[in-house]
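One structure is given here, and the rest of the page talks about it.
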Amino acid sequence: AQGGGWGSKGCIRDTIVSSPLILVWILTLLLALCSGSSLPPHQQNAPRKPSLACASGGEGRNPGARQGQGMSAKRKLSSSAGPQAKKIPPAVPAEVLLPDIYLPETVERVKKELDAAAPYKHLRIPLLCHDSAVRGIHHELVHNLTANLKESDLFKVYQTCDLANLGRNGVMVDLAAQMPGLIALRDELYSDRFKEWVQEVTGCGELSDKVDCATNLHTQGCHLLVHDDVIGTRKVSYIIYLTNPDEAWGEGDGGHLELYGKQPNGDPAVYPARRVLPTFNSMCMFAVQPGTSFHAVQEVFAEGKPRMSIQGWFHGPEGPSGKDAATVNQLLSQVPEIELEGGYAGYG
């Protein structure tokens with residue numbers, strides 16, 4: 001599944017009954033997919049170090065994932081940026097997103113592309129932000145954030161702390177001041193204007209004010225197996241790719257976003273129907289659909305060339321209908337005696 005979908009490791013649903021250890025992996029994946037966008041009240045006013053070195057089980061978004069040990073468990077994003085990283089960040093324009101995205105003709109074109117997309121409705125925006133803005137955001141991430149290794153047999157990824165609370169309610173204010181471009185992008189993505197655009201284009205229905213996003217770093221060997229993203233109140237998934245702006249990402253580098261169709265029995269197809277290259281300043285988006293929006297991150301093959309992205313979700317007042325068909329619920333339905341502490345919805 002690291003390069004060819006579920007074919008290399010088999011369908012998780014088919015193997016869950018063969019080994020109790022799989023249950024541990026599934027619970028680990030559940031926790032890896034959860035947003036964890038809100039800090040506990042006792043952490044809201046706690047001192048924050050500018051390094052954003054997340055403590056395991058604290059601000060990290062995946063408290064159940066195995067934490068790597070030693071120096072490799074924590075990675076300063078600048079350690080993988082290469083010699084191209086600039087010391088002086090570009091200026092951030094007042095508007096981060098390219099204004100053409102809001103034009104009526106753009107909205108109609110994107111809706112048609114999304115409706116015609118396969119294996120399920122999704123869209124790809126080749127250029128999302130002003131070039132100066134997105135280069136500035138890349139610079140800010142590389143030089144200010146630290147990512148922790150999250151790893152199990154189902155996934156391997158370096159992930160930063162939750163970005164939703166960055167600079168809000170007294171949380172990591174000093175760090176936020178060093179990252180104006182990132183804050184501007186986050187705030188525009190979750191503005192009423194952009195959420196209305198998302199609703200119009202995807203037909204996802206009402207969206208809430210919940211902010212849910214983090215930075216992921218997939219280095220050589222990192223991957224994420226097939227799942228449908230259905231957890232809690234998630235309605236729409238998005239990924240903004242922030243790979244090296246001065247070194248094009250090639251087909252041989254791996255790290256594609258893989259989109260899967262369904263087999264007649266409802267399982268994900270063995271091989272992806274589409275692979276999307278994580279090119280700099282592009283964005284992919286799709287509505288979260290139980291048992292339909294199957295996707296994965298192909299293993300990264302490139303050495304010293306990280307696949308950096310901002311991954312996030314737009315949430316609704318309620319989750320999508322048909323949750324019984326979700327990847328997670330299908331797995332748990334085969335082991336009903338297993339109960340998740342705090343309940344399934346508590347991780348959404």
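Numbering starts fresh at 1 for the residues of each chain in the structure tokens, the chains themselves are lettered A, B, ... in the order given, and ligands are numbered from 1 as they appear.
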
*asked:* Give me, as JSON, numbers by chain, the residues of region 55-300 of chain A that a backbone DSSP run labels helix (DSSP H, G or I).
replied: {"A": [71, 72, 73, 77, 78, 79, 80, 99, 100, 101, 102, 104, 105, 106, 107, 108, 109, 110, 111, 112, 113, 114, 115, 116, 131, 132, 133, 134, 135, 136, 137, 138, 139, 140, 141, 142, 143, 144, 173, 174, 175, 176, 177, 180, 181, 182, 183, 184, 185, 186, 187, 188, 189, 192, 193, 194, 195, 196, 197, 198, 199, 200, 201, 202, 251, 252, 253]}

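Counting from CA of Thr160 (chain A), the distance to CA of Ile137 (chain A) is 14.6 Å.
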
*Do you have the CA of Lys305 (chain A)-CA of Leu189 (chain A) distance handy?*
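Separation of CA of Lys305 (chain A) and CA of Leu189 (chain A): 26.7 Å.
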
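In terms of minimum interatomic distance to Glu251 (chain A), A:Gln298 ranks closest within A:Thr215, A:Thr146, A:Thr106, A:Gln298, counting only C-alpha atoms.
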
*From the list A:Cys222, A:Ala118, A:Leu97, A:Leu166, which residue is nearest Ala302 (chain A) when using only C-alpha atoms?*
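Looking at the shortest contact to Ala302 (chain A), the residue is A:Cys222.
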
*asked:* I want to know what sits within 7 Å of region 275-286 of chain A, based on only C-alpha atoms, with residues of the same chain fewer than 5 positions away left out; could you give that as JSON, numbers by chain?
replied: {"A": [121, 122, 123, 124, 125, 126, 127, 128, 129, 134, 236, 237, 238, 239, 240, 241, 242, 243, 244, 245, 249, 256, 257, 258, 259]}

*Neighbours of Gly203 (chain A) within 12 Å (only C-alpha atoms; same-chain residues fewer than 3 positions away dropped), as a PyMOL selection string?*
chain A and resi 107+111+114-115+121-122+195-200+206-207+235-236+286-288

Output N, CA, C and O atoms for every residue in that selection, as an mmCIF file, in the first residue's frame.
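Produced file result-v7.cif, reproduced below:
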data_model
loop_
_atom_site.group_PDB
_atom_site.id
_atom_site.type_symbol
_atom_site.label_atom_id
_atom_site.label_comp_id
_atom_site.auth_asym_id
_atom_site.auth_seq_id
_atom_site.Cartn_x
_atom_site.Cartn_y
_atom_site.Cartn_z
ATOM 1 N N VAL A 107 -15.674 29.726 -10.357
ATOM 2 C CA VAL A 107 -16.518 28.846 -9.548
ATOM 3 C C VAL A 107 -17.253 27.847 -10.436
ATOM 4 O O VAL A 107 -17.285 26.642 -10.146
ATOM 5 N N LYS A 111 -16.647 23.770 -10.465
ATOM 6 C CA LYS A 111 -17.770 22.866 -10.177
ATOM 7 C C LYS A 111 -17.904 21.801 -11.267
ATOM 8 O O LYS A 111 -18.146 20.621 -10.972
ATOM 9 N N LEU A 114 -15.067 19.313 -10.880
ATOM 10 C CA LEU A 114 -15.290 18.449 -9.728
ATOM 11 C C LEU A 114 -16.339 17.389 -10.036
ATOM 12 O O LEU A 114 -16.174 16.209 -9.688
ATOM 13 N N ASP A 115 -17.420 17.786 -10.693
ATOM 14 C CA ASP A 115 -18.485 16.831 -11.016
ATOM 15 C C ASP A 115 -18.009 15.743 -11.965
ATOM 16 O O ASP A 115 -18.507 14.607 -11.939
ATOM 17 N N LYS A 121 -15.756 12.713 -6.594
ATOM 18 C CA LYS A 121 -15.638 14.149 -6.824
ATOM 19 C C LYS A 121 -14.478 14.739 -6.034
ATOM 20 O O LYS A 121 -14.398 14.594 -4.812
ATOM 21 N N HIS A 122 -13.591 15.394 -6.742
ATOM 22 C CA HIS A 122 -12.452 16.067 -6.114
ATOM 23 C C HIS A 122 -11.983 17.168 -7.060
ATOM 24 O O HIS A 122 -12.356 17.189 -8.238
ATOM 25 N N LYS A 195 -15.159 29.805 3.060
ATOM 26 C CA LYS A 195 -16.053 28.686 3.405
ATOM 27 C C LYS A 195 -17.297 28.690 2.518
ATOM 28 O O LYS A 195 -17.790 27.618 2.131
ATOM 29 N N GLU A 196 -17.789 29.871 2.181
ATOM 30 C CA GLU A 196 -18.920 29.948 1.255
ATOM 31 C C GLU A 196 -18.509 29.431 -0.122
ATOM 32 O O GLU A 196 -19.305 28.779 -0.821
ATOM 33 N N TRP A 197 -17.269 29.704 -0.530
ATOM 34 C CA TRP A 197 -16.745 29.185 -1.793
ATOM 35 C C TRP A 197 -16.701 27.663 -1.752
ATOM 36 O O TRP A 197 -17.109 26.989 -2.707
ATOM 37 N N VAL A 198 -16.217 27.110 -0.645
ATOM 38 C CA VAL A 198 -16.143 25.651 -0.493
ATOM 39 C C VAL A 198 -17.540 25.031 -0.562
ATOM 40 O O VAL A 198 -17.759 24.015 -1.238
ATOM 41 N N GLN A 199 -18.489 25.653 0.122
ATOM 42 C CA GLN A 199 -19.860 25.148 0.099
ATOM 43 C C GLN A 199 -20.448 25.167 -1.311
ATOM 44 O O GLN A 199 -21.088 24.208 -1.742
ATOM 45 N N GLU A 200 -20.213 26.260 -2.023
ATOM 46 C CA GLU A 200 -20.748 26.405 -3.377
ATOM 47 C C GLU A 200 -20.141 25.376 -4.324
ATOM 48 O O GLU A 200 -20.839 24.743 -5.123
ATOM 49 N N GLU A 206 -23.811 23.083 5.127
ATOM 50 C CA GLU A 206 -23.358 24.059 6.113
ATOM 51 C C GLU A 206 -22.026 23.666 6.743
ATOM 52 O O GLU A 206 -21.788 22.497 7.057
ATOM 53 N N LEU A 207 -21.173 24.668 6.937
ATOM 54 C CA LEU A 207 -19.889 24.467 7.606
ATOM 55 C C LEU A 207 -19.861 25.263 8.909
ATOM 56 O O LEU A 207 -20.445 26.344 9.009
ATOM 57 N N LYS A 235 -16.271 17.457 7.021
ATOM 58 C CA LYS A 235 -17.107 17.513 5.822
ATOM 59 C C LYS A 235 -16.267 17.592 4.547
ATOM 60 O O LYS A 235 -16.638 17.020 3.536
ATOM 61 N N VAL A 236 -15.165 18.344 4.588
ATOM 62 C CA VAL A 236 -14.323 18.535 3.404
ATOM 63 C C VAL A 236 -12.858 18.452 3.821
ATOM 64 O O VAL A 236 -12.448 19.077 4.812
ATOM 65 N N PHE A 286 -11.589 17.533 -1.464
ATOM 66 C CA PHE A 286 -12.689 16.619 -1.753
ATOM 67 C C PHE A 286 -13.616 16.546 -0.549
ATOM 68 O O PHE A 286 -13.202 16.751 0.598
ATOM 69 N N ALA A 287 -14.894 16.274 -0.827
ATOM 70 C CA ALA A 287 -15.861 16.088 0.242
ATOM 71 C C ALA A 287 -15.605 14.752 0.922
ATOM 72 O O ALA A 287 -15.292 13.751 0.257
ATOM 73 N N VAL A 288 -15.696 14.723 2.243
ATOM 74 C CA VAL A 288 -15.522 13.493 3.007
ATOM 75 C C VAL A 288 -16.792 12.659 2.854
ATOM 76 O O VAL A 288 -17.876 13.089 3.233
#

*Have a look at A:Phe194, A:Tyr260, A:Phe155, A:Tyr102 and name the one nearest to Thr292 (chain A); count only C-alpha atoms.*
A:Tyr260

*Between A:Ser152, A:Gln178, A:Ser191, A:Gln159, which is the closest to His139 (chain A) once you count only C-alpha atoms?*
A:Gln178

*Go through A:Pro119, A:Lys150, A:Glu247, A:Val171 one by one, measure the shortest atom-to-atom distance of each to Pro268 (chain A) using only C-alpha atoms, and give the residue with the smallest value.*
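Among A:Pro119, A:Lys150, A:Glu247, A:Val171, it is A:Pro119 that comes nearest to Pro268 (chain A).
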